[in-house]
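Just below is one structure, and these are the notes that go with it.
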Amino acid sequence: MKTPILVALLMTATLPAFAQSNADPVEVELWRLDCGEVKVNDLDMFSDTRAYTGETRDLTSSCYLIRHGSDYMLWDTGLPVALKGAEQNDTDALSPTLKVTIEEQLAEIDLTPADIGRVGISHYHFDHTGQAASFPQAELMIDTRDWDVLSSDPLPTFAEGFANPDLVKPWQDGGKLTTTMGDTDVFGDGSVTMLAMPGHTPGSLALLLQLAETGPVLLSGDVVHFEEQIANAGVPPFNTDRGDTLASIDRMNRLAGNLGATLIIQHDPRDIDKLPAFPASAK
Ligand SMILES: [Zn+2]
């Protein structure tokens with residue numbers, strides 16, 4: 001016979017899930033936004049085993065708009081507005097540019113920055129926090145360990161040149177901030193989950209979405225920057241933890257396989273076609 005305490009615990013554990021299954025699922029919609037391009041003139045900077053010596057590559061910089069019912073969330077905010085129209089060159093290791101801002105793209109589907117309730121950030125690098133400050137009223141969601149880096153003065157040496165605290169100034173100044181540890185169910189119904197994938201930075205995240213028609217979609221953050229890094233266990237030398245990176249690549253790849261998820265590597269231009277072209281969306 002179960003003790004009353006155990007019965008109470010079991011009821012507590014099962015009731016929310018039972019209640020959830022009876023509720024109508026909230027519709028989730030996903031748009032891919034153009035958040036810049038990065039010409040990599042020395043691809044070797046993405047491998048600490050010298051896998052790409054002498055290679056160059058054009059990477060894309062993507063970010064995402066998510067609608068959950070009437071709530072809108074951004075996932076990553078791309079390159080800073082200051083890079084709009086920047087000329088790319090063949091000499092810098094990384095040469096970034098931006099054609100169109102997030103705000104300009106939102107206007108195409110009749111949204112303004114005030115409509116954005118949440119901004120989720122995969123990690124503190126400037127090509128992911130670039131336009132966050134265009135949404136100062138939104139709740140910023142970021143892993144605690146990455147927020148700690150952005151809040152350090154001075155920045156830790158490993159973050160110099162990659163992190164720019166000015167890009168998240170509205171939240172340094174008291175804006176609505178949620179710092180997370182581990183996986184986080186954003187809307188409480190399992191439809192949008194931030195996944196802990198440390199290694200590229202101490203608090204790197206990926207994002208898993210459950211879409212009614214498309215099925216599961218897994219947005220990579222920068223767990224990898226392009227597809228080959230999965231097979232060759234590619235670790236950029238500027239990552240903060242080599243072992244964590246390999247574990248996160250393994251988790252991301254197995255998870256996508258087990259769920260049958262569409263894996264979108266956010267910087268890989270070959271993955272652009274996996275989602276409809278903006279302003280079309282995936283549901
Ligand atoms: Zn990046």
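Residue names in the structure tokens use chain letters A, B, ... in the order shown, residue numbers from 1 in each chain, and ligand numbers from 1 in the order shown.
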
Contacts of stretch 222-232 of chain A at 8 Å (only C-alpha atoms; same-chain gap of 6+ positions) as a count of residues only:
19

TODO: Identify all residues of stretch 10-154 of chain A in helix (DSSP H, G or I) (DSSP on the backbone) and supply them as a count of residues only.
DONE: 44

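Excluding stretch 56-59 of chain A and any residue on its chain fewer than 2 positions from it, the residues at most 7 Å away by only C-alpha atoms are Glu37, Val38, Lys39, Val40, Asn41, Asp42, Leu43, Gly54, Ser61, His267, Asp268 and Pro269 of chain A.
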
Saved selection, atoms kept: N, CA and C atoms, as a compact mmCIF listing (two decimals), in the first residue's frame:
# COMPACT_ATOMS: atom_id res chain seq x y z
N GLU A 37 25.89 38.57 -42.52
CA GLU A 37 26.78 37.61 -43.18
C GLU A 37 28.19 37.81 -42.64
N VAL A 38 28.94 36.73 -42.58
CA VAL A 38 30.32 36.81 -42.11
C VAL A 38 31.21 36.07 -43.10
N LYS A 39 32.15 36.83 -43.71
CA LYS A 39 33.13 36.21 -44.59
C LYS A 39 34.29 35.75 -43.72
N VAL A 40 34.56 34.45 -43.75
CA VAL A 40 35.67 33.91 -42.95
C VAL A 40 36.85 33.73 -43.89
N ASN A 41 37.86 34.56 -43.71
CA ASN A 41 39.03 34.53 -44.61
C ASN A 41 40.09 33.53 -44.15
N ASP A 42 39.95 33.05 -42.91
CA ASP A 42 40.85 32.03 -42.40
C ASP A 42 40.03 31.03 -41.60
N LEU A 43 39.56 29.99 -42.29
CA LEU A 43 38.66 29.03 -41.64
C LEU A 43 39.36 28.23 -40.55
N GLY A 54 44.00 26.94 -44.80
CA GLY A 54 43.98 27.51 -46.16
C GLY A 54 42.58 27.70 -46.72
N SER A 61 24.46 34.73 -40.87
CA SER A 61 24.15 35.00 -39.47
C SER A 61 22.64 35.09 -39.39
N HIS A 267 24.67 29.37 -38.46
CA HIS A 267 25.64 30.08 -39.31
C HIS A 267 25.87 29.41 -40.66
N ASP A 268 25.26 28.23 -40.89
CA ASP A 268 25.55 27.49 -42.12
C ASP A 268 24.58 27.89 -43.23
N PRO A 269 25.05 28.55 -44.29
CA PRO A 269 24.14 29.01 -45.35
C PRO A 269 23.41 27.86 -46.04

Q: Point out the residue among A:Ser191, A:Asn239, A:Thr180, A:Gln105 with the least atom-to-atom distance to A:Leu211, counting only C-alpha atoms.
A: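 Answer, going by the shortest atom-to-atom distance: A:Ser191.
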
inquiry  = What does the structure give for the distance between atom CA of A:Thr193 and atom CA of A:Leu207, in Å to one decimal?
reply    =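 A separation of 5.7 Å between them.
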
### Message
Restricting the calculation to only C-alpha atoms: of A:Gln210, A:Gln88, A:Gln131, A:Thr97, which residue gets closest to A:Leu259?
### Response
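The closest residue to A:Leu259 is A:Gln210.
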
Between atom CA of A:Leu79 and atom CA of A:Leu98 lies a distance of 6.7 Å

Can you list every residue in stretch 4-194 of chain A that DSSP puts in strand (DSSP E), as number ranges by chain?
A: 28-40, 57-68, 71-75, 94-97, 116-120, 139-143, 177-180, 184-185, 192-194

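Going from atom CA of A:Val81 to atom CA of A:Val28 covers 27.9 Å.
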
Which of these, A:Ser47, A:Val119, A:Pro113, A:His125, has the shortest distance to A:Ala159 once you count only C-alpha atoms?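 That would be A:His125, the residue with the smallest distance to A:Ala159.
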
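Distances from A:Gly117, A:Gly174, A:Gly215, A:Gly130 to ligand 1 were compared using only C-alpha atoms and all ligand atoms, and the smallest one belongs to A:Gly130.
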